[in-house]
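So this one's data02.pdb, PDB, C-alpha atoms:
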ATOM      1  CA  MET A   1      -9.736  14.875 -15.746
ATOM      2  CA  ASP A   2      -8.967  16.866 -18.879
ATOM      3  CA  ALA A   3      -5.877  15.972 -20.878
ATOM      4  CA  LYS A   4      -4.488  19.515 -20.625
ATOM      5  CA  VAL A   5      -0.881  19.708 -19.456
ATOM      6  CA  GLU A   6      -0.642  21.720 -16.238
ATOM      7  CA  PRO A   7       2.220  24.242 -16.175
ATOM      8  CA  GLN A   8       2.978  23.510 -12.506
ATOM      9  CA  GLY A   9       3.033  19.710 -12.845
ATOM     10  CA  GLU A  10       0.337  17.092 -12.392
ATOM     11  CA  ALA A  11      -1.412  15.522  -9.433
ATOM     12  CA  PRO A  12      -0.335  11.978  -8.510
ATOM     13  CA  GLY A  13      -2.443   9.354 -10.234
ATOM     14  CA  VAL A  14      -3.041  11.454 -13.343
ATOM     15  CA  ASP A  15      -1.223  10.523 -16.532
ATOM     16  CA  VAL A  16      -2.006  13.098 -19.198
ATOM     17  CA  ARG A  17      -0.195  11.161 -21.903
ATOM     18  CA  ARG A  18      -2.143   7.961 -21.365
ATOM     19  CA  GLN A  19      -5.618   8.151 -22.878
ATOM     20  CA  ASP A  20      -6.601   4.472 -22.606
ATOM     21  CA  GLY A  21      -7.180   4.424 -18.863
ATOM     22  CA  ALA A  22      -8.763   0.976 -18.483
ATOM     23  CA  ARG A  23      -5.862  -0.703 -20.289
ATOM     24  CA  SER A  24      -3.391   0.547 -17.685
ATOM     25  CA  TYR A  25      -5.340  -1.164 -14.875
ATOM     26  CA  LEU A  26      -5.673  -4.387 -16.866
ATOM     27  CA  ILE A  27      -1.942  -4.453 -17.664
ATOM     28  CA  GLY A  28      -1.265  -3.831 -13.966
ATOM     29  CA  LEU A  29      -3.502  -6.771 -13.072
ATOM     30  CA  LEU A  30      -1.750  -8.910 -15.684
ATOM     31  CA  TYR A  31       1.602  -8.233 -13.990
ATOM     32  CA  ALA A  32       0.382  -8.280 -10.379
ATOM     33  CA  VAL A  33      -1.413 -11.660 -10.424
ATOM     34  CA  PRO A  34       1.604 -13.716 -11.625
ATOM     35  CA  LEU A  35       3.855 -11.854  -9.167
ATOM     36  CA  THR A  36       1.481 -12.700  -6.301
ATOM     37  CA  LEU A  37       1.244 -16.328  -7.439
ATOM     38  CA  ALA A  38       5.035 -16.480  -7.679
ATOM     39  CA  SER A  39       5.369 -15.122  -4.131
ATOM     40  CA  PHE A  40       3.027 -17.748  -2.704
ATOM     41  CA  TRP A  41       4.737 -20.446  -4.762
ATOM     42  CA  ALA A  42       8.207 -19.350  -3.601
ATOM     43  CA  ALA A  43       7.116 -19.490   0.038
ATOM     44  CA  SER A  44       5.902 -23.087  -0.139
ATOM     45  CA  THR A  45       8.207 -24.723  -2.683
ATOM     46  CA  SER A  46      11.246 -26.849  -1.937
ATOM     47  CA  LEU A  47      12.629 -26.218  -5.404
ATOM     48  CA  VAL A  48      14.393 -22.993  -4.387
ATOM     49  CA  TYR A  49      17.526 -23.078  -2.216
ATOM     50  CA  PRO A  50      15.923 -22.334   1.203
ATOM     51  CA  PRO A  51      18.250 -19.499   2.367
ATOM     52  CA  ALA A  52      17.520 -17.677  -0.907
ATOM     53  CA  VAL A  53      13.734 -17.706  -0.442
ATOM     54  CA  PRO A  54      13.555 -14.452   1.629
ATOM     55  CA  VAL A  55      15.562 -12.640  -1.048
ATOM     56  CA  LEU A  56      13.295 -14.008  -3.777
ATOM     57  CA  LEU A  57      10.213 -12.929  -1.796
ATOM     58  CA  ALA A  58      11.669  -9.428  -1.320
ATOM     59  CA  VAL A  59      12.407  -9.103  -5.041
ATOM     60  CA  LEU A  60       8.887 -10.251  -5.984
ATOM     61  CA  ALA A  61       7.281  -7.885  -3.435
ATOM     62  CA  ILE A  62       9.312  -4.878  -4.597
ATOM     63  CA  ALA A  63       8.485  -5.718  -8.220
ATOM     64  CA  GLN A  64       4.777  -5.898  -7.396
ATOM     65  CA  MET A  65       4.902  -2.605  -5.482
ATOM     66  CA  GLY A  66       6.528  -1.075  -8.561
ATOM     67  CA  VAL A  67       3.759  -2.475 -10.769
ATOM     68  CA  HIS A  68       1.112  -1.013  -8.464
ATOM     69  CA  LEU A  69       2.836   2.383  -8.380
ATOM     70  CA  ALA A  70       3.234   2.523 -12.155
ATOM     71  CA  PHE A  71      -0.074   1.063 -13.371
ATOM     72  CA  PHE A  72      -2.541   1.803 -10.539
ATOM     73  CA  LEU A  73      -1.159   5.032  -9.048
ATOM     74  CA  HIS A  74       0.336   6.169 -12.396
ATOM     75  CA  ILE A  75       3.497   7.490 -10.749
ATOM     76  CA  SER A  76       6.222   7.990 -13.336
ATOM     77  CA  SER A  77       9.424   9.958 -13.755
ATOM     78  CA  ALA A  78       7.790  12.246 -16.347
ATOM     79  CA  PRO A  79       8.579  15.980 -15.892
ATOM     80  CA  ASP A  80       5.022  16.830 -14.811
ATOM     81  CA  GLN A  81       5.269  14.122 -12.113
ATOM     82  CA  ALA A  82       8.546  15.450 -10.668
ATOM     83  CA  ASN A  83       6.966  16.695  -7.411
ATOM     84  CA  ASN A  84       5.162  13.410  -6.776
ATOM     85  CA  PHE A  85       8.217  11.350  -7.650
ATOM     86  CA  LEU A  86      10.478  13.362  -5.331
ATOM     87  CA  ALA A  87       7.953  13.069  -2.490
ATOM     88  CA  LEU A  88       7.799   9.316  -3.068
ATOM     89  CA  ALA A  89      11.595   9.045  -3.081
ATOM     90  CA  PHE A  90      11.772  10.951   0.202
ATOM     91  CA  GLY A  91       9.059   8.780   1.759
ATOM     92  CA  LEU A  92      10.881   5.608   0.714
ATOM     93  CA  PHE A  93      14.156   7.008   2.061
ATOM     94  CA  ILE A  94      12.615   7.668   5.492
ATOM     95  CA  SER A  95      10.863   4.253   5.485
ATOM     96  CA  GLY A  96      14.169   2.574   4.671
ATOM     97  CA  LEU A  97      15.937   4.452   7.467
ATOM     98  CA  VAL A  98      13.244   3.448   9.972
ATOM     99  CA  VAL A  99      13.179  -0.232   8.992
ATOM    100  CA  PHE A 100      16.873  -0.912   8.446
ATOM    101  CA  GLY A 101      17.932   1.398  11.279
ATOM    102  CA  SER A 102      15.683  -0.464  13.721
ATOM    103  CA  LEU A 103      16.913  -3.863  12.555
ATOM    104  CA  VAL A 104      20.601  -2.891  12.788
ATOM    105  CA  ILE A 105      20.235  -1.268  16.209
ATOM    106  CA  MET A 106      18.206  -4.127  17.672
ATOM    107  CA  SER A 107      20.517  -6.858  16.367
ATOM    108  CA  ASN A 108      23.483  -4.901  17.723
ATOM    109  CA  LEU A 109      21.796  -4.640  21.139
ATOM    110  CA  ASN A 110      21.027  -8.365  21.091
ATOM    111  CA  HIS A 111      24.620  -9.082  20.159
ATOM    112  CA  ASN A 112      25.992  -6.980  23.037
ATOM    113  CA  MET A 113      23.604  -8.337  25.604
ATOM    114  CA  MET A 114      24.893 -10.654  28.295
ATOM    115  CA  PRO A 115      23.784 -14.261  27.718
ATOM    116  CA  MET A 116      20.733 -15.138  29.791
ATOM    117  CA  ASP A 117      22.475 -17.747  32.021
ATOM    118  CA  ALA A 118      25.296 -15.308  32.907
ATOM    119  CA  LEU A 119      22.650 -12.724  33.832
ATOM    120  CA  MET A 120      20.909 -15.263  36.065
ATOM    121  CA  LYS A 121      24.191 -16.088  37.865
ATOM    122  CA  MET A 122      24.835 -12.417  38.563
ATOM    123  CA  GLN A 123      21.410 -11.973  40.128
ATOM    124  CA  ARG A 124      22.027 -14.754  42.587
TER     125      ARG A 124
ATOM    126  CA  MET B 125      15.434  21.676 -17.111
ATOM    127  CA  SER B 126      15.890  21.299 -20.867
ATOM    128  CA  ALA B 127      13.634  22.977 -23.412
ATOM    129  CA  GLY B 128      11.996  19.643 -24.249
ATOM    130  CA  GLU B 129      11.087  19.013 -20.625
ATOM    131  CA  GLN B 130       9.657  22.497 -20.270
ATOM    132  CA  ALA B 131       7.457  21.915 -23.286
ATOM    133  CA  LEU B 132       6.126  18.763 -21.597
ATOM    134  CA  THR B 133       5.078  20.627 -18.453
ATOM    135  CA  GLY B 134       3.341  23.426 -20.376
ATOM    136  CA  MET B 135       4.315  27.150 -20.504
ATOM    137  CA  PRO B 136       7.728  26.478 -22.082
ATOM    138  CA  GLY B 137      10.352  29.069 -21.262
ATOM    139  CA  VAL B 138       8.483  30.452 -18.230
ATOM    140  CA  PRO B 139      10.222  29.773 -14.903
ATOM    141  CA  LEU B 140       8.248  27.691 -12.420
ATOM    142  CA  SER B 141       8.011  30.618  -9.980
ATOM    143  CA  LEU B 142       6.224  32.760 -12.588
ATOM    144  CA  ARG B 143       3.635  30.207 -13.672
ATOM    145  CA  GLY B 144       1.045  31.114 -11.057
ATOM    146  CA  PRO B 145      -0.699  28.856  -8.557
ATOM    147  CA  ALA B 146      -1.473  25.251  -9.471
ATOM    148  CA  PRO B 147      -5.159  24.339  -9.860
ATOM    149  CA  THR B 148      -6.940  23.050  -6.730
ATOM    150  CA  ARG B 149      -7.156  19.566  -8.265
ATOM    151  CA  VAL B 150      -3.350  19.322  -8.399
ATOM    152  CA  VAL B 151      -2.780  20.912  -4.984
ATOM    153  CA  ALA B 152      -5.339  18.613  -3.315
ATOM    154  CA  GLY B 153      -3.903  15.535  -5.034
ATOM    155  CA  PHE B 154      -0.348  16.426  -4.070
ATOM    156  CA  GLY B 155      -1.304  17.201  -0.475
ATOM    157  CA  PHE B 156      -3.106  13.886  -0.191
ATOM    158  CA  TRP B 157      -0.101  12.143  -1.714
ATOM    159  CA  LEU B 158       2.075  13.635   1.060
ATOM    160  CA  PHE B 159      -0.416  12.341   3.649
ATOM    161  CA  LEU B 160      -0.259   8.867   2.098
ATOM    162  CA  LEU B 161       3.530   8.873   2.221
ATOM    163  CA  SER B 162       3.481   9.864   5.903
ATOM    164  CA  ASP B 163       0.998   7.038   6.452
ATOM    165  CA  ILE B 164       3.428   4.655   4.755
ATOM    166  CA  ILE B 165       6.144   5.848   7.154
ATOM    167  CA  ILE B 166       3.836   4.869  10.052
ATOM    168  CA  PHE B 167       3.528   1.430   8.475
ATOM    169  CA  ALA B 168       7.321   1.315   8.063
ATOM    170  CA  ALA B 169       7.660   1.826  11.825
ATOM    171  CA  LEU B 170       5.136  -0.971  12.463
ATOM    172  CA  PHE B 171       6.941  -3.266   9.999
ATOM    173  CA  ALA B 172      10.222  -2.555  11.794
ATOM    174  CA  THR B 173       8.586  -3.376  15.146
ATOM    175  CA  TYR B 174       7.188  -6.604  13.745
ATOM    176  CA  ALA B 175      10.535  -7.612  12.230
ATOM    177  CA  VAL B 176      12.297  -7.026  15.553
ATOM    178  CA  LEU B 177       9.703  -8.874  17.647
ATOM    179  CA  SER B 178       8.671 -11.655  15.250
ATOM    180  CA  HIS B 179      10.701 -14.322  17.086
ATOM    181  CA  SER B 180       9.748 -13.225  20.615
ATOM    182  CA  THR B 181       6.963 -15.768  20.979
ATOM    183  CA  ALA B 182       7.320 -16.239  24.776
ATOM    184  CA  GLY B 183       6.681 -19.972  24.415
ATOM    185  CA  GLY B 184       3.457 -19.335  22.497
ATOM    186  CA  PRO B 185       2.642 -20.192  18.884
ATOM    187  CA  SER B 186       5.059 -18.980  16.199
ATOM    188  CA  ALA B 187       4.125 -17.331  12.915
ATOM    189  CA  ALA B 188       4.583 -20.546  10.923
ATOM    190  CA  GLU B 189       2.157 -22.441  13.186
ATOM    191  CA  LEU B 190      -0.555 -19.782  13.091
ATOM    192  CA  PHE B 191      -1.050 -18.708   9.496
ATOM    193  CA  ASP B 192      -2.962 -20.387   6.722
ATOM    194  CA  LYS B 193      -1.530 -19.443   3.315
ATOM    195  CA  LYS B 194      -4.704 -20.254   1.329
ATOM    196  CA  HIS B 195      -6.704 -17.874   3.488
ATOM    197  CA  VAL B 196      -4.125 -15.108   2.962
ATOM    198  CA  PHE B 197      -4.066 -15.768  -0.772
ATOM    199  CA  LEU B 198      -7.838 -15.206  -0.976
ATOM    200  CA  GLU B 199      -7.505 -11.986   1.063
ATOM    201  CA  THR B 200      -4.733 -10.814  -1.288
ATOM    202  CA  MET B 201      -6.791 -11.527  -4.393
ATOM    203  CA  CYS B 202      -9.818  -9.684  -2.921
ATOM    204  CA  LEU B 203      -7.737  -6.588  -2.294
ATOM    205  CA  LEU B 204      -5.986  -6.744  -5.678
ATOM    206  CA  ALA B 205      -9.293  -7.112  -7.534
ATOM    207  CA  SER B 206     -10.806  -4.260  -5.513
ATOM    208  CA  SER B 207      -7.868  -2.055  -6.499
ATOM    209  CA  VAL B 208      -8.579  -2.710 -10.176
ATOM    210  CA  THR B 209     -12.356  -2.168  -9.863
ATOM    211  CA  CYS B 210     -11.619   1.066  -7.950
ATOM    212  CA  GLY B 211      -9.513   2.135 -10.941
ATOM    213  CA  PHE B 212     -12.417   1.395 -13.305
ATOM    214  CA  GLY B 213     -14.662   3.388 -10.951
ATOM    215  CA  SER B 214     -12.291   6.380 -11.105
ATOM    216  CA  LEU B 215     -12.380   6.214 -14.905
ATOM    217  CA  ALA B 216     -16.195   6.204 -14.781
ATOM    218  CA  ILE B 217     -16.043   9.352 -12.606
ATOM    219  CA  GLN B 218     -13.828  11.041 -15.202
ATOM    220  CA  ARG B 219     -16.451  10.213 -17.845
ATOM    221  CA  THR B 220     -19.167  11.337 -15.339
ATOM    222  CA  ASP B 221     -20.853   7.988 -16.015
ATOM    223  CA  ALA B 222     -22.919   7.500 -12.841
ATOM    224  CA  ARG B 223     -24.170   3.979 -13.592
ATOM    225  CA  ALA B 224     -20.710   2.545 -14.313
ATOM    226  CA  MET B 225     -19.370   4.400 -11.266
ATOM    227  CA  TYR B 226     -22.005   2.889  -8.927
ATOM    228  CA  PHE B 227     -21.354  -0.567 -10.361
ATOM    229  CA  TRP B 228     -17.557  -0.541 -10.071
ATOM    230  CA  MET B 229     -17.478   1.223  -6.713
ATOM    231  CA  GLY B 230     -20.140  -1.202  -5.432
ATOM    232  CA  VAL B 231     -17.911  -4.119  -6.484
ATOM    233  CA  THR B 232     -14.959  -2.383  -4.801
ATOM    234  CA  PHE B 233     -16.968  -2.080  -1.594
ATOM    235  CA  LEU B 234     -18.004  -5.749  -1.659
ATOM    236  CA  LEU B 235     -14.435  -6.961  -2.254
ATOM    237  CA  GLY B 236     -13.128  -4.706   0.510
ATOM    238  CA  ALA B 237     -15.851  -5.990   2.849
ATOM    239  CA  CYS B 238     -14.926  -9.609   1.941
ATOM    240  CA  PHE B 239     -11.313  -8.853   2.824
ATOM    241  CA  LEU B 240     -12.313  -7.344   6.161
ATOM    242  CA  ALA B 241     -14.651 -10.238   6.980
ATOM    243  CA  MET B 242     -11.878 -12.767   6.314
ATOM    244  CA  GLU B 243      -9.416 -10.802   8.404
ATOM    245  CA  GLY B 244     -11.961 -10.414  11.207
ATOM    246  CA  ARG B 245     -12.605 -14.158  11.199
ATOM    247  CA  GLU B 246      -8.874 -14.862  11.361
ATOM    248  CA  PHE B 247      -8.430 -12.461  14.293
ATOM    249  CA  ALA B 248     -11.448 -13.873  16.129
ATOM    250  CA  SER B 249     -10.267 -17.490  15.743
ATOM    251  CA  MET B 250      -6.775 -16.532  16.944
ATOM    252  CA  VAL B 251      -8.126 -14.758  20.020
ATOM    253  CA  ALA B 252     -10.503 -17.678  20.708
ATOM    254  CA  ALA B 253      -7.545 -20.099  20.548
ATOM    255  CA  GLY B 254      -5.721 -18.067  23.197
ATOM    256  CA  SER B 255      -3.312 -16.383  20.765
ATOM    257  CA  GLY B 256      -4.583 -12.862  21.377
ATOM    258  CA  PRO B 257      -2.396  -9.734  21.274
ATOM    259  CA  SER B 258      -1.588 -10.036  24.989
ATOM    260  CA  HIS B 259       0.017 -13.482  24.644
ATOM    261  CA  SER B 260       3.481 -12.522  23.331
ATOM    262  CA  ALA B 261       5.458  -9.632  21.871
ATOM    263  CA  PHE B 262       5.214 -11.311  18.474
ATOM    264  CA  LEU B 263       1.406 -11.418  18.651
ATOM    265  CA  SER B 264       1.200  -7.808  19.909
ATOM    266  CA  ALA B 265       3.281  -6.675  16.932
ATOM    267  CA  PHE B 266       1.227  -8.839  14.565
ATOM    268  CA  PHE B 267      -2.128  -7.499  15.741
ATOM    269  CA  THR B 268      -0.841  -3.911  15.704
ATOM    270  CA  LEU B 269       0.544  -4.115  12.173
ATOM    271  CA  VAL B 270      -2.225  -6.131  10.513
ATOM    272  CA  GLY B 271      -4.882  -4.439  12.662
ATOM    273  CA  THR B 272      -3.716  -0.969  11.591
ATOM    274  CA  HIS B 273      -3.986  -2.045   7.973
ATOM    275  CA  GLY B 274      -7.453  -3.467   8.651
ATOM    276  CA  LEU B 275      -8.443  -0.217  10.343
ATOM    277  CA  HIS B 276      -7.348   1.679   7.231
ATOM    278  CA  VAL B 277      -9.471  -0.634   5.066
ATOM    279  CA  THR B 278     -12.437  -0.015   7.388
ATOM    280  CA  VAL B 279     -11.944   3.751   7.105
ATOM    281  CA  GLY B 280     -11.686   3.303   3.327
ATOM    282  CA  LEU B 281     -15.040   1.499   3.209
ATOM    283  CA  VAL B 282     -16.759   4.187   5.323
ATOM    284  CA  TRP B 283     -15.185   6.861   3.122
ATOM    285  CA  LEU B 284     -16.425   5.055  -0.003
ATOM    286  CA  VAL B 285     -20.007   5.033   1.323
ATOM    287  CA  VAL B 286     -19.742   8.756   2.145
ATOM    288  CA  MET B 287     -18.451   9.462  -1.380
ATOM    289  CA  LEU B 288     -21.271   7.475  -2.988
ATOM    290  CA  LEU B 289     -23.786   9.474  -0.919
ATOM    291  CA  GLN B 290     -22.074  12.710  -1.992
ATOM    292  CA  VAL B 291     -22.327  11.735  -5.651
ATOM    293  CA  ALA B 292     -25.978  10.794  -5.109
ATOM    294  CA  THR B 293     -26.835  14.146  -3.491
ATOM    295  CA  LEU B 294     -24.385  16.622  -5.062
ATOM    296  CA  GLY B 295     -23.636  14.969  -8.401
ATOM    297  CA  PHE B 296     -20.235  15.071 -10.109
ATOM    298  CA  GLN B 297     -19.178  18.512  -8.900
ATOM    299  CA  PRO B 298     -15.440  19.251  -9.162
ATOM    300  CA  MET B 299     -15.281  19.148  -5.349
ATOM    301  CA  VAL B 300     -16.814  15.659  -5.225
ATOM    302  CA  SER B 301     -14.648  14.330  -8.076
ATOM    303  CA  ARG B 302     -11.564  15.645  -6.318
ATOM    304  CA  ARG B 303     -12.438  13.830  -3.097
ATOM    305  CA  PHE B 304     -13.246  10.654  -4.996
ATOM    306  CA  PHE B 305      -9.900  10.964  -6.736
ATOM    307  CA  CYS B 306      -8.115  11.147  -3.359
ATOM    308  CA  TYR B 307     -10.115   8.111  -2.228
ATOM    309  CA  GLY B 308      -8.731   6.174  -5.224
ATOM    310  CA  LEU B 309      -5.165   7.074  -4.242
ATOM    311  CA  PHE B 310      -5.887   5.916  -0.669
ATOM    312  CA  TRP B 311      -7.291   2.574  -1.786
ATOM    313  CA  HIS B 312      -4.377   1.843  -4.144
ATOM    314  CA  ALA B 313      -1.867   2.800  -1.425
ATOM    315  CA  LEU B 314      -3.534   0.349   0.999
ATOM    316  CA  ASP B 315      -3.056  -2.427  -1.533
ATOM    317  CA  ILE B 316       0.651  -1.561  -1.758
ATOM    318  CA  VAL B 317       0.952  -1.792   2.038
ATOM    319  CA  TRP B 318      -0.788  -5.176   1.906
ATOM    320  CA  ILE B 319       1.954  -6.496  -0.427
ATOM    321  CA  GLY B 320       4.396  -5.770   2.387
ATOM    322  CA  VAL B 321       2.106  -7.408   4.954
ATOM    323  CA  PHE B 322       1.559 -10.674   3.106
ATOM    324  CA  THR B 323       5.225 -10.941   2.108
ATOM    325  CA  ILE B 324       6.782 -10.177   5.482
ATOM    326  CA  VAL B 325       4.154 -11.420   7.930
ATOM    327  CA  TYR B 326       2.537 -14.381   6.204
ATOM    328  CA  LEU B 327       5.022 -15.661   3.604
ATOM    329  CA  GLY B 328       8.140 -14.781   5.576
ATOM    330  CA  ALA B 329       6.842 -16.769   8.572
ATOM    331  CA  LYS B 330       9.395 -19.217   9.966
TER     332      LYS B 330
END
Kindly present the structure from the file in structure tokens form.
Amino acid sequence: MDAKVEPQGEAPGVDVRRQDGARSYLIGLLYAVPLTLASFWAASTSLVYPPAVPVLLAVLAIAQMGVHLAFFLHISSAPDQANNFLALAFGLFISGLVVFGSLVIMSNLNHNMMPMDALMKMQR
Amino acid sequence: MSAGEQALTGMPGVPLSLRGPAPTRVVAGFGFWLFLLSDIIIFAALFATYAVLSHSTAGGPSAAELFDKKHVFLETMCLLASSVTCGFGSLAIQRTDARAMYFWMGVTFLLGACFLAMEGREFASMVAAGSGPSHSAFLSAFFTLVGTHGLHVTVGLVWLVVMLLQVATLGFQPMVSRRFFCYGLFWHALDIVWIGVFTIVYLGAK
């Protein structure tokens, strides 16, 4: 790809201001490997307060996704990346709605359901 | 948009509507980016299904009993390394350096194939032990989610072979580079989905 700045904005994955391409991937690797190691450590250690482990795992996963987006997919908030960034934000918004919406609805249904033994008595 | 921002996007002072059509490279990349995001929404739906059903084991094995963390760690490292080598391959395409491209993309293919082989072995041993997708809602959700990711990796490997053949026969035409560029986006996006898989499915197992 040429380093020319496109007047309509850039494609995702292209960073016109970063000339040293290989360094970006190596820096990404340098961040991603410790984050992965930390995730696997957090899942098997007894050093962390157990109820806090899922939160720690979520934080590490989101951090690593951010590293991948920034250093491998070269998504940034630069003006020429505005279209890609907005599309990403919309995609994340819908994903969040789907995941959290499903969890809330299903836990609410579970909560409102008759206990299994009461259901059995009614069927008799 | 301030004047400084306009200078960064080229054609300062000209409104976006008057700047003419974007080059094919940008349009193709953006369109493929939209496809990837819709693909991620599919995965979001599968993640939601898995999260809802993960405790519905119907008396069968639970997630904590089934998964081997060392195995998953190796799979993760394979995919992470293949993401980086794919990046080096994309850089070689930008330099139109065919030898470096074949090397890095070959390594990417091998690492992706290693990942798939490990996942296939895990699936086969689970099915052989009677924990197939038909055993419980948890296992159905597990095989759907992880299997869909594996299917994407398989498609990625086939696509990579097709792209290597296209470079071999057509050379680094703009058309071929564009497709290869989209392939890179696809491969990196798959690695991002895998972060969700290993965190929620394998490490979050209780």
**Request:** Taking the file as shown, find all residues satisfying the PyMOL selection byres ((chain B and resi 280) around 10) and write them as a VMD selection string.
**Result:** chain B and resid 233 236 274 to 279 281 to 286 307 to 308 310 to 311 314
**Message:** To test your reading of the syntax: which residues would the ChimeraX specification (/B :<7) & /A return for the file shown? Reply as JSON, numbers by chain.
**Reply:** {"A": [1, 5, 6, 7, 8, 9, 10, 11, 12, 13, 21, 22, 25, 40, 43, 54, 57, 61, 65, 68, 72, 73, 79, 80, 84, 87, 88, 91, 94, 95, 98, 99, 102, 103, 106]}
**Asked** How many Å separate CA of Gly66 in chain A from CA of Leu26 in chain A?
**Response** 15.1 Å
**Request:** Report the distance between CA of Arg23 in chain A and CA of Ala70 in chain A in Å, rounded to one decimal place.
**Result:**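 CA of Arg23 in chain A sits 12.6 Å away from CA of Ala70 in chain A.
The spacing separating CA of Leu30 in chain A from CA of Phe71 in chain A amounts to 10.4 Å.
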**Asked** What does the PyMOL selection byres ((chain B and resi 188) around 6) select in this file, as a ChimeraX atom specification?
**Response** /B:186-187,189-190,329-330
**Item:** Residue among B:Phe296, B:Leu203, B:His273, B:Glu246 lying closest to Ala32 in chain A, counting only C-alpha atoms
**Value:**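 Closest to Ala32 in chain A, using only C-alpha atoms: B:Leu203.
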**Asked** With distances taken over all atoms listed in the file, which of B:Phe227, B:Leu235, B:Glu243, B:Val270 is nearest to Pro257 in chain B?
**Response**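 Using all atoms listed in the file, Pro257 in chain B sits closest to B:Val270.
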Around all listed atoms of range 157-161 of chain B, padded 3 Å per side, what centre and edge lengths does the axis-aligned box have in Å to one decimal, as lines of an AutoDock Vina configuration file?
center_x = 1.6
center_y = 11.3
center_z = 1.0
size_x = 9.9
size_y = 10.8
size_z = 11.4
**Message:** Given all atoms listed in the file as the basis, pick out the residue of A:Ala89, A:Ala82, A:Ala42, A:Met120 nearest to Val55 in chain A.
**Reply:**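 Nearest to Val55 in chain A: A:Ala42.
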**Test item: which residues lie within 12 Å of (-0.1, -13.7, 21.0) counting only C-alpha atoms, as an MDAnalysis selection string** = chainID B and resid 177:187 189:190 247 250:268
Could N, CA and C atoms be built for range 70-81 of chain A and written out as a PDB file, keeping the file's coordinate frame?
ATOM      1  N   ALA A  70       3.199   2.066 -10.767  1.00  0.00           N
ATOM      2  CA  ALA A  70       3.234   2.523 -12.155  1.00  0.00           C
ATOM      3  C   ALA A  70       1.861   2.418 -12.817  1.00  0.00           C
ATOM      4  N   PHE A  71       1.143   1.300 -12.590  1.00  0.00           N
ATOM      5  CA  PHE A  71      -0.074   1.063 -13.371  1.00  0.00           C
ATOM      6  C   PHE A  71      -1.356   1.429 -12.625  1.00  0.00           C
ATOM      7  N   PHE A  72      -1.332   1.432 -11.284  1.00  0.00           N
ATOM      8  CA  PHE A  72      -2.541   1.803 -10.539  1.00  0.00           C
ATOM      9  C   PHE A  72      -2.459   3.251 -10.064  1.00  0.00           C
ATOM     10  N   LEU A  73      -1.306   3.653  -9.529  1.00  0.00           N
ATOM     11  CA  LEU A  73      -1.159   5.032  -9.048  1.00  0.00           C
ATOM     12  C   LEU A  73      -0.585   5.956 -10.121  1.00  0.00           C
ATOM     13  N   HIS A  74      -0.174   5.390 -11.256  1.00  0.00           N
ATOM     14  CA  HIS A  74       0.336   6.169 -12.396  1.00  0.00           C
ATOM     15  C   HIS A  74       1.458   7.117 -12.008  1.00  0.00           C
ATOM     16  N   ILE A  75       2.320   6.691 -11.078  1.00  0.00           N
ATOM     17  CA  ILE A  75       3.497   7.490 -10.749  1.00  0.00           C
ATOM     18  C   ILE A  75       4.557   7.179 -11.795  1.00  0.00           C
ATOM     19  N   SER A  76       5.148   8.219 -12.368  1.00  0.00           N
ATOM     20  CA  SER A  76       6.222   7.990 -13.336  1.00  0.00           C
ATOM     21  C   SER A  76       7.294   9.046 -13.121  1.00  0.00           C
ATOM     22  N   SER A  77       8.360   8.957 -13.884  1.00  0.00           N
ATOM     23  CA  SER A  77       9.424   9.958 -13.755  1.00  0.00           C
ATOM     24  C   SER A  77       9.253  11.069 -14.793  1.00  0.00           C
ATOM     25  N   ALA A  78       8.041  11.190 -15.366  1.00  0.00           N
ATOM     26  CA  ALA A  78       7.790  12.246 -16.347  1.00  0.00           C
ATOM     27  C   ALA A  78       7.957  13.620 -15.687  1.00  0.00           C
ATOM     28  N   PRO A  79       8.331  14.653 -16.477  1.00  0.00           N
ATOM     29  CA  PRO A  79       8.579  15.980 -15.892  1.00  0.00           C
ATOM     30  C   PRO A  79       7.396  16.509 -15.078  1.00  0.00           C
ATOM     31  N   ASP A  80       6.162  16.291 -15.550  1.00  0.00           N
ATOM     32  CA  ASP A  80       5.022  16.830 -14.811  1.00  0.00           C
ATOM     33  C   ASP A  80       4.724  16.027 -13.541  1.00  0.00           C
ATOM     34  N   GLN A  81       5.451  14.916 -13.333  1.00  0.00           N
ATOM     35  CA  GLN A  81       5.269  14.122 -12.113  1.00  0.00           C
ATOM     36  C   GLN A  81       6.437  14.317 -11.157  1.00  0.00           C
TER      37      GLN A  81
END
